[in-house]
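Shown below: protein-v7.txt, with compact mmCIF, C-alpha atoms.
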```txt
# COMPACT_ATOMS: atom_id res chain seq x y z
CA MET A 112 -2.41 16.01 -3.87
CA SER A 113 -5.28 16.61 -6.26
CA LYS A 114 -4.42 19.40 -8.66
CA VAL A 115 -7.08 20.59 -11.08
CA THR A 116 -5.98 20.75 -14.69
CA SER A 117 -8.50 22.59 -16.85
CA HIS A 118 -9.30 21.05 -20.21
CA VAL A 119 -10.93 23.66 -22.44
CA PHE A 120 -12.83 22.31 -25.43
CA ASN A 121 -15.49 23.32 -27.92
CA THR A 122 -18.64 21.48 -26.83
CA GLU A 123 -19.93 21.35 -30.42
CA ALA A 124 -16.72 19.96 -31.87
CA PRO A 125 -16.22 16.19 -32.22
CA VAL A 126 -14.88 14.52 -29.10
CA ALA A 127 -11.07 14.65 -29.07
CA ARG A 128 -9.57 11.46 -30.48
CA SER A 129 -6.05 10.01 -30.60
CA VAL A 130 -5.11 6.92 -32.63
CA PHE A 131 -1.71 5.30 -32.22
CA ASP A 132 -0.87 2.30 -34.44
CA THR A 133 2.61 0.80 -34.65
CA SER A 134 1.79 -0.81 -38.00
CA LEU A 135 2.10 2.67 -39.52
CA LEU A 136 5.67 3.05 -38.21
CA PRO A 137 8.94 1.68 -39.61
CA GLU A 138 9.42 -1.79 -38.13
CA LYS A 139 12.73 -0.97 -36.46
CA SER A 140 11.28 1.96 -34.52
CA ARG A 141 8.03 0.36 -33.30
CA ILE A 142 9.18 -0.98 -29.95
CA GLY A 143 11.15 2.17 -29.11
CA VAL A 144 8.24 4.48 -29.89
CA TRP A 145 5.85 2.28 -27.91
CA ARG A 146 8.15 2.27 -24.88
CA GLU A 147 8.42 6.07 -25.03
CA THR A 148 4.70 6.75 -25.40
CA ALA A 149 3.70 4.12 -22.84
CA ALA A 150 6.14 5.71 -20.38
CA SER A 151 3.33 8.06 -19.31
CA VAL A 152 1.87 5.02 -17.54
CA TRP A 153 4.18 1.98 -17.54
CA GLN A 154 7.75 0.88 -17.77
CA ILE A 155 7.84 -1.84 -20.44
CA SER A 156 10.25 -4.32 -18.86
CA SER A 157 10.15 -6.81 -21.76
CA ILE A 158 8.35 -7.62 -25.01
CA THR A 159 7.73 -11.37 -25.20
CA ASP A 160 6.18 -11.68 -28.68
CA ALA A 161 8.46 -12.11 -31.68
CA THR A 162 6.26 -9.80 -33.77
CA PHE A 163 5.48 -6.53 -32.01
CA PHE A 164 2.24 -4.62 -32.42
CA ALA A 165 0.25 -2.07 -30.45
CA LYS A 166 -2.79 0.05 -31.20
CA VAL A 167 -4.46 2.65 -28.98
CA ASN A 168 -7.75 4.34 -29.88
CA ALA A 169 -8.53 6.94 -27.20
CA TYR A 170 -11.08 9.70 -26.58
CA HIS A 171 -10.97 12.64 -24.16
CA ALA A 172 -13.75 14.97 -23.03
CA GLY A 173 -13.92 16.88 -19.77
CA GLU A 174 -12.69 14.59 -16.99
CA LEU A 175 -13.24 11.41 -19.03
CA MET A 176 -10.59 9.56 -20.97
CA PHE A 177 -11.56 6.21 -22.45
CA GLY A 178 -10.61 3.93 -25.30
CA SER A 179 -9.25 0.57 -26.37
CA VAL A 180 -5.78 -0.96 -26.33
CA THR A 181 -4.71 -3.92 -28.44
CA THR A 182 -1.14 -5.12 -28.07
CA CYS A 183 1.18 -8.11 -28.01
CA ALA A 184 2.47 -10.05 -25.01
CA GLN A 185 4.67 -7.99 -22.72
CA LYS A 186 5.69 -7.31 -19.14
CA THR A 187 5.04 -3.92 -17.55
CA GLU A 188 5.47 -2.33 -14.14
CA ARG A 189 4.90 0.76 -12.09
CA THR A 190 7.77 0.91 -9.64
CA SER A 191 8.07 3.16 -6.61
CA ALA A 192 10.67 5.22 -8.49
CA LEU A 193 8.32 5.70 -11.47
CA ILE A 194 5.46 6.63 -9.15
CA ALA A 195 7.65 9.16 -7.39
CA GLY A 196 8.81 10.57 -10.70
CA ASP A 197 5.54 11.02 -12.56
CA SER A 198 3.23 12.30 -9.79
CA LEU A 199 0.21 10.72 -11.49
CA ASP A 200 -2.88 10.56 -9.31
CA TYR A 201 -5.72 8.87 -11.13
CA TYR A 202 -7.48 5.55 -11.51
CA MET A 203 -7.28 3.40 -14.63
CA MET A 204 -9.97 0.74 -15.01
CA GLN A 205 -9.18 -1.92 -17.62
CA PHE A 206 -11.68 -4.48 -18.92
CA TYR A 207 -10.01 -7.42 -20.69
CA VAL A 208 -12.14 -8.71 -23.57
CA SER A 209 -9.52 -10.93 -25.25
CA GLY A 210 -6.31 -12.48 -24.00
CA SER A 211 -5.27 -12.31 -20.37
CA ARG A 212 -3.07 -10.39 -17.96
CA VAL A 213 -1.47 -11.36 -14.67
CA ALA A 214 -1.13 -8.53 -12.14
CA ARG A 215 1.03 -8.58 -9.02
CA SER A 216 0.29 -5.96 -6.41
CA ARG A 217 -0.17 -5.69 -2.66
CA ARG A 218 -3.15 -8.00 -3.17
CA GLY A 219 -0.87 -10.75 -4.45
CA GLU A 220 -1.10 -12.32 -7.90
CA GLN A 221 -4.36 -12.26 -9.85
CA VAL A 222 -5.34 -13.25 -13.40
CA PHE A 223 -7.61 -11.04 -15.51
CA ALA A 224 -9.53 -12.30 -18.55
CA ASN A 225 -13.04 -12.76 -19.99
CA GLY A 226 -14.40 -9.32 -19.15
CA ASP A 227 -12.66 -8.99 -15.77
CA MET A 228 -11.65 -5.51 -14.67
CA LEU A 229 -8.29 -4.50 -13.21
CA MET A 230 -8.33 -1.42 -10.97
CA VAL A 231 -5.00 0.40 -11.31
CA ASP A 232 -4.33 3.09 -8.72
CA MET A 233 -1.46 5.09 -10.20
CA THR A 234 -0.04 5.80 -6.74
CA HIS A 235 0.53 2.09 -5.95
CA ALA A 236 3.22 -0.22 -7.33
CA ILE A 237 2.09 -3.01 -9.67
CA GLU A 238 3.65 -5.49 -12.10
CA THR A 239 1.83 -7.13 -15.00
CA GLU A 240 2.53 -9.89 -17.50
CA SER A 241 0.17 -10.40 -20.42
CA THR A 242 -0.56 -12.47 -23.46
CA ALA A 243 -1.65 -10.55 -26.54
CA TYR A 244 -4.81 -8.81 -25.39
CA THR A 245 -7.50 -6.22 -26.06
CA SER A 246 -8.87 -4.08 -23.27
CA PHE A 247 -11.37 -1.26 -22.93
CA ASP A 248 -10.05 1.32 -20.51
CA LEU A 249 -11.44 4.22 -18.52
CA VAL A 250 -9.27 6.84 -16.79
CA LEU A 251 -10.67 9.13 -14.08
CA PRO A 252 -8.86 11.62 -11.83
CA ARG A 253 -8.84 10.59 -8.18
CA ARG A 254 -10.45 13.88 -7.16
CA VAL A 255 -13.68 13.13 -9.08
CA LEU A 256 -14.06 9.41 -8.24
CA GLU A 257 -12.66 9.08 -4.74
CA PRO A 258 -15.49 11.02 -2.97
CA LEU A 259 -17.94 8.35 -4.26
CA LEU A 260 -15.94 5.34 -3.03
CA ILE A 261 -16.47 3.49 0.24
CA ASP A 262 -12.75 2.82 0.69
CA ALA A 263 -10.53 4.19 -2.05
CA ASP A 264 -7.39 2.94 -0.30
CA ALA A 265 -8.56 -0.67 -0.55
CA LEU A 266 -8.96 -0.78 -4.34
CA ALA A 267 -5.43 -0.81 -5.78
CA GLY A 268 -4.95 -3.97 -7.85
CA GLN A 269 -8.51 -5.17 -7.24
CA ARG A 270 -10.10 -7.68 -9.63
CA LEU A 271 -13.74 -7.19 -10.50
CA ALA A 272 -15.02 -10.50 -11.86
CA GLY A 273 -16.51 -10.18 -15.33
CA GLU A 274 -19.59 -12.22 -14.42
CA HIS A 275 -20.55 -9.95 -11.50
CA PRO A 276 -23.75 -8.05 -12.51
CA LEU A 277 -22.40 -4.61 -11.54
CA THR A 278 -19.12 -5.26 -13.35
CA ALA A 279 -21.01 -6.41 -16.46
CA LEU A 280 -23.23 -3.31 -16.37
CA PHE A 281 -20.23 -1.01 -16.01
CA ARG A 282 -18.40 -2.81 -18.84
CA SER A 283 -21.42 -2.56 -21.15
CA HIS A 284 -21.70 1.16 -20.47
CA LEU A 285 -18.02 1.77 -21.22
CA MET A 286 -18.13 -0.24 -24.45
CA ALA A 287 -21.29 1.58 -25.58
CA LEU A 288 -19.61 4.91 -24.82
CA TYR A 289 -16.56 3.85 -26.86
CA GLN A 290 -18.63 2.59 -29.80
CA ASN A 291 -20.67 5.80 -30.00
CA ALA A 292 -17.79 8.22 -29.41
CA PRO A 293 -17.02 8.75 -33.14
CA ASN A 294 -20.48 10.28 -33.58
CA MET A 295 -20.54 12.30 -30.35
CA SER A 296 -19.70 15.92 -29.75
CA ALA A 297 -17.33 16.91 -26.97
CA GLY A 298 -20.27 18.28 -25.01
CA GLN A 299 -22.25 15.05 -25.37
CA ALA A 300 -19.27 13.00 -24.23
CA ALA A 301 -18.65 15.28 -21.25
CA ALA A 302 -22.34 14.96 -20.30
CA MET A 303 -21.70 11.25 -19.76
CA GLN A 304 -19.32 11.96 -16.89
CA GLY A 305 -22.01 11.78 -14.19
CA PRO A 306 -23.50 8.43 -15.29
CA THR A 307 -20.02 6.98 -15.86
CA LEU A 308 -18.84 8.02 -12.40
CA ALA A 309 -22.00 6.60 -10.83
CA LEU A 310 -21.58 3.23 -12.54
CA ALA A 311 -17.87 3.07 -11.73
CA ALA A 312 -18.56 3.76 -8.05
CA ALA A 313 -21.44 1.27 -7.93
CA ALA A 314 -19.28 -1.48 -9.43
CA LEU A 315 -16.29 -0.76 -7.17
CA ASN A 316 -18.33 -0.35 -3.97
CA GLY A 317 -20.48 -3.38 -4.74
CA ASN A 318 -17.43 -5.59 -5.21
CA ILE A 319 -15.43 -4.42 -2.20
CA ASP A 320 -13.91 -7.12 -0.02
CA PRO A 321 -15.59 -6.88 3.42
CA ASP A 322 -12.30 -7.87 5.03
CA MET A 323 -10.64 -4.78 3.56
CA ALA A 324 -12.94 -2.12 4.98
CA SER A 325 -15.69 -1.36 7.46
CA SER A 326 -18.33 0.77 5.76
CA VAL A 327 -19.22 2.47 9.05
CA ARG A 328 -15.60 3.39 9.78
CA VAL A 329 -14.93 4.54 6.24
CA ALA A 330 -18.14 6.57 5.99
CA ALA A 331 -16.94 8.56 9.01
CA TRP A 332 -13.38 8.86 7.70
CA LEU A 333 -14.14 10.26 4.23
CA PRO A 334 -15.30 13.75 5.36
CA VAL A 335 -12.42 13.94 7.85
CA ARG A 336 -9.92 13.18 5.09
CA ARG A 337 -11.50 15.81 2.84
CA TYR A 338 -11.31 18.38 5.65
CA ILE A 339 -7.62 17.64 6.23
CA GLU A 340 -6.91 17.83 2.50
CA ASP A 341 -8.64 21.20 2.26
CA HIS A 342 -6.63 22.56 5.22
CA LEU A 343 -3.15 21.28 4.47
CA LYS A 344 -1.90 24.84 4.02
CA ASP A 345 -2.99 25.67 7.54
CA LEU A 346 0.26 24.89 9.34
CA ARG A 347 -1.52 25.28 12.69
CA LEU A 348 -3.95 22.43 11.94
CA THR A 349 -4.18 20.11 14.96
CA VAL A 350 -5.90 16.90 15.92
CA GLU A 351 -7.93 18.87 18.48
CA GLN A 352 -9.18 21.31 15.83
CA THR A 353 -10.10 18.49 13.46
CA ALA A 354 -11.89 16.46 16.12
CA ARG A 355 -13.81 19.54 17.24
CA GLU A 356 -14.90 20.24 13.65
CA PHE A 357 -16.65 16.85 13.51
CA GLY A 358 -17.84 16.71 17.09
CA ILE A 359 -15.76 13.66 17.99
CA SER A 360 -13.17 13.01 20.66
CA ARG A 361 -9.43 13.00 20.09
CA ALA A 362 -9.40 9.31 21.00
CA THR A 363 -11.99 8.53 18.30
CA LEU A 364 -10.00 10.44 15.70
CA TYR A 365 -6.78 8.69 16.73
CA ARG A 366 -8.49 5.29 16.33
CA MET A 367 -9.88 6.32 12.97
CA MET A 368 -6.39 7.26 11.75
CA SER A 369 -4.42 4.43 13.32
CA ARG A 370 -4.19 2.59 9.99
CA TYR A 371 -2.39 5.66 8.58
CA GLY A 372 0.15 5.86 11.39
CA GLY A 373 -1.79 8.52 13.31
CA PHE A 374 -2.83 12.11 12.67
CA VAL A 375 0.61 13.70 12.63
CA ASN A 376 2.09 11.07 10.32
CA TYR A 377 -0.86 11.29 7.90
CA LEU A 378 -0.66 15.09 7.82
CA ARG A 379 3.09 14.93 7.17
CA GLN A 380 2.71 12.46 4.32
CA ARG A 381 -0.04 14.48 2.63
CA ARG A 382 2.11 17.61 2.82
CA LEU A 383 5.04 15.69 1.34
CA HIS A 384 2.76 14.74 -1.54
CA ARG A 385 1.92 18.41 -2.04
CA CYS A 386 5.65 19.20 -2.08
CA ARG A 387 6.08 16.54 -4.75
CA ASP A 388 3.29 18.11 -6.83
CA ASP A 389 4.95 21.54 -6.64
CA LEU A 390 8.41 20.21 -7.47
CA GLY A 391 7.02 18.54 -10.58
CA ASP A 392 4.96 21.55 -11.66
CA PRO A 393 6.66 23.58 -14.44
CA SER A 394 4.86 26.70 -13.23
CA GLN A 395 6.64 26.39 -9.86
CA VAL A 396 10.15 26.14 -11.29
CA HIS A 397 11.02 29.62 -9.99
CA LEU A 398 10.74 28.36 -6.41
CA SER A 399 13.74 26.73 -4.77
CA ILE A 400 13.35 23.32 -3.15
CA ALA A 401 13.69 24.99 0.25
CA GLU A 402 10.89 27.44 -0.60
CA VAL A 403 8.59 24.63 -1.70
CA ALA A 404 9.33 22.72 1.49
CA GLU A 405 8.73 25.73 3.72
CA ARG A 406 5.41 26.44 2.02
CA TRP A 407 4.16 23.10 3.34
CA GLY A 408 5.66 23.38 6.81
CA PHE A 409 9.11 21.81 6.39
CA SER A 410 11.52 24.45 7.66
CA ASN A 411 14.52 22.13 8.12
CA ALA A 412 15.97 21.41 4.65
CA SER A 413 17.92 18.35 5.75
CA ALA A 414 14.96 16.79 7.57
CA PHE A 415 12.72 17.52 4.58
CA SER A 416 15.12 15.87 2.15
CA THR A 417 15.32 12.77 4.35
CA ALA A 418 11.53 12.55 4.75
CA PHE A 419 10.97 13.05 1.02
CA LYS A 420 13.47 10.34 0.11
CA ASP A 421 12.01 7.93 2.67
CA LEU A 422 8.55 8.32 1.11
CA PHE A 423 9.40 8.58 -2.60
CA ASP A 424 12.71 6.70 -2.89
CA MET A 425 14.56 9.68 -4.34
CA SER A 426 15.77 13.08 -3.22
CA PRO A 427 13.74 16.23 -3.95
CA ARG A 428 16.51 17.42 -6.29
CA ASP A 429 16.56 14.15 -8.26
CA PHE A 430 12.77 14.17 -8.47
CA ARG A 431 12.67 17.70 -9.87
CA GLN A 432 15.32 16.87 -12.47
CA MET A 433 13.47 13.69 -13.48
CA SER A 434 10.23 15.64 -13.85
CA ARG A 435 11.86 18.20 -16.14
CA GLY A 436 13.41 15.52 -18.31
CA ARG A 437 10.15 13.65 -18.58
CA ALA A 438 8.24 16.81 -19.53
CA ARG A 439 10.71 17.43 -22.36
CA ARG A 440 10.29 13.86 -23.66
CA ILE A 441 6.49 14.17 -23.63
CA ASN A 442 6.67 17.48 -25.51
CA ASP A 443 8.91 15.93 -28.15
CA LEU A 444 6.35 13.23 -29.01
CA GLY A 445 4.33 13.59 -32.20
CA SER A 446 0.61 14.29 -32.44
CA GLU A 447 -0.19 10.58 -32.71
CA SER A 448 0.74 10.39 -29.04
CA ASP A 449 -1.94 12.79 -27.80
CA TRP A 450 -3.28 9.97 -25.61
CA SER A 451 0.08 9.81 -23.84
CA ARG A 452 0.02 13.58 -23.26
CA TRP A 453 -3.52 13.32 -21.89
CA LEU A 454 -2.46 10.68 -19.38
CA ALA A 455 0.64 12.62 -18.36
CA ALA A 456 -1.41 15.79 -17.77
CA MET A 457 -4.36 14.22 -15.96
CA ARG A 458 -4.74 15.33 -12.32
```
Let's see the structure in the file written out as structure tokens.
Amino acid sequence: MSKVTSHVFNTEAPVARSVFDTSLLPEKSRIGVWRETAASVWQISSITDATFFAKVNAYHAGELMFGSVTTCAQKTERTSALIAGDSLDYYMMQFYVSGSRVARSRRGEQVFANGDMLMVDMTHAIETESTAYTSFDLVLPRRVLEPLLIDADALAGQRLAGEHPLTALFRSHLMALYQNAPNMSAGQAAAMQGPTLALAAAALNGNIDPDMASSVRVAAWLPVRRYIEDHLKDLRLTVEQTAREFGISRATLYRMMSRYGGFVNYLRQRRLHRCRDDLGDPSQVHLSIAEVAERWGFSNASAFSTAFKDLFDMSPRDFRQMSRGRARRINDLGSESDWSRWLAAMR
């Protein structure tokens, strides 16, 4: 599912910056513009403050996107339909330094405030309800952070307590990066990717709920998952071949993958995700839906359509149309919404 998007920049130029401030817009258009620009991440289900305001100050260099968000009370959500439609595959880590936010995910309901961090996995549904708040946010593509995590699948919606030493260290680093960004070159900001990734992984791994993952099991699973991901185009890939590659028995591999519904089911789902990537990719528009499906091993069009809809809650045709419409809306946004474009393009 990870698709590399190159971001070419002049290393000596100032780090790319995008500032969005609704106070500079006509009052009547503020909420509408905010809903449209925020659509790269959230559906704004309701604005609960009488006076609306929102300000985003974001920076982008290499794989890093970071910045601050200050906004009024509102309710947001990432539904299964939105997730299916936007194909986003990154992590957003949000530190709340004023106000509070309630998040409802597969972990249940949790409250974030006073330096707490919310881990948003863009591939998992979540609902939030906030007071007016300010947060410092970091966005990282899954492909660069996931290899460093003990159990990436256990982190969606996780709360990292603000008082935890590793959380505090990570938060301090992000805030220092943000405060110094105006004086940094793009090259200097990109050079901070390694330390930022290391601190993010340390905080997330150090806070992991022991009931959610076994480090021994997961340590063995990570290279297997990477091998499968790298060989998804090999339509002859089998459980026997994979087990042989790692010198383990079929029974061990089956046990390792039981939480994912078994080897065949996992392989099928990952290939469906690749189909979704291709259907949403403007450069693949010349391919028919049937051609995309066949590329990833789905030769029966009817069975593919059913499987796709079961996983993503919409048909392949509807998904492709939604992706085209969304791309047009993003392209129509003004330059003040560069941060929204960055989020929409991140892979």
Checklist entry - Interatomic distance between atom CA of A:Phe164 and atom CA of A:Ser434? => result 28.6 Å
Next on the checklist: Quick check, in Å to one decimal: how far apart do atom CA of A:Met233 and atom CA of A:Asp197 lie?
Outcome noted: 9.5 Å
Item to check | Polymer residues at most 6 Å from stretch 173-182 of chain A, only C-alpha atoms, same-chain spacing of 4 or more positions, as a list of chain:residue names | outcome: A:Phe164, A:Ala165, A:Lys166, A:Val167, A:Asn168, A:Ala169, A:Ala243, A:Tyr244, A:Thr245, A:Ser246, A:Phe247, A:Asp248, A:Leu249, A:Val250, A:Ala301
Next on the checklist: Give me, as an NGL selection string, all polymer residues having an atom no more than 12 Å from A:Leu136, counting only C-alpha atoms and skipping those fewer than 4 positions away in the same chain.
Outcome noted: :A and (131-132 or 140-145 or 163-166 or 447)
Checklist outcome for this item: Using all atoms listed in the file, the residue out of A:Leu193, A:Ala124, A:Ile158, A:Leu383 with shortest distance to A:Gln299 is A:Ala124
Is it possible to get the axis-aligned box enclosing stretch 149-157 of chain A (all listed atoms, 3 Å extra per side) as lines of an AutoDock Vina configuration file, with centre and edge lengths in Å rounded to one decimal?
```
center_x = 6.1
center_y = 0.6
center_z = -20.2
size_x = 14.4
size_y = 20.9
size_z = 11.3
```
Item to check | Polymer residues at most 12 Å from A:Ser399, all atoms listed in the file, same-chain spacing of 2 or more positions, as a list in words | outcome: Cys386, Asp389, Leu390, Gln395, Val396, His397, Ala401, Glu402, Val403, Ala404, Glu405, Arg406, Ala412, Pro427, Arg428 and Arg431 of chain A
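Nearest to A:Glu123 of all the residues A:Met367, A:Leu251, A:Leu343, A:Ala300 is A:Ala300, counting all atoms listed in the file.
Atom CA of A:Ala192 lies 6.1 Å from atom CA of A:Asp424.
Using all atoms listed in the file for every distance, the candidate list A:Phe281, A:Tyr338, A:Tyr289, A:Phe419 yields A:Phe281 as the residue closest to A:Ala312.
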Checklist outcome for this item: Nearest to A:Ala279, restricted to all atoms listed in the file and choosing among A:Asn291, A:Asn225, A:Ser151, A:Ser134, comes out as A:Asn225
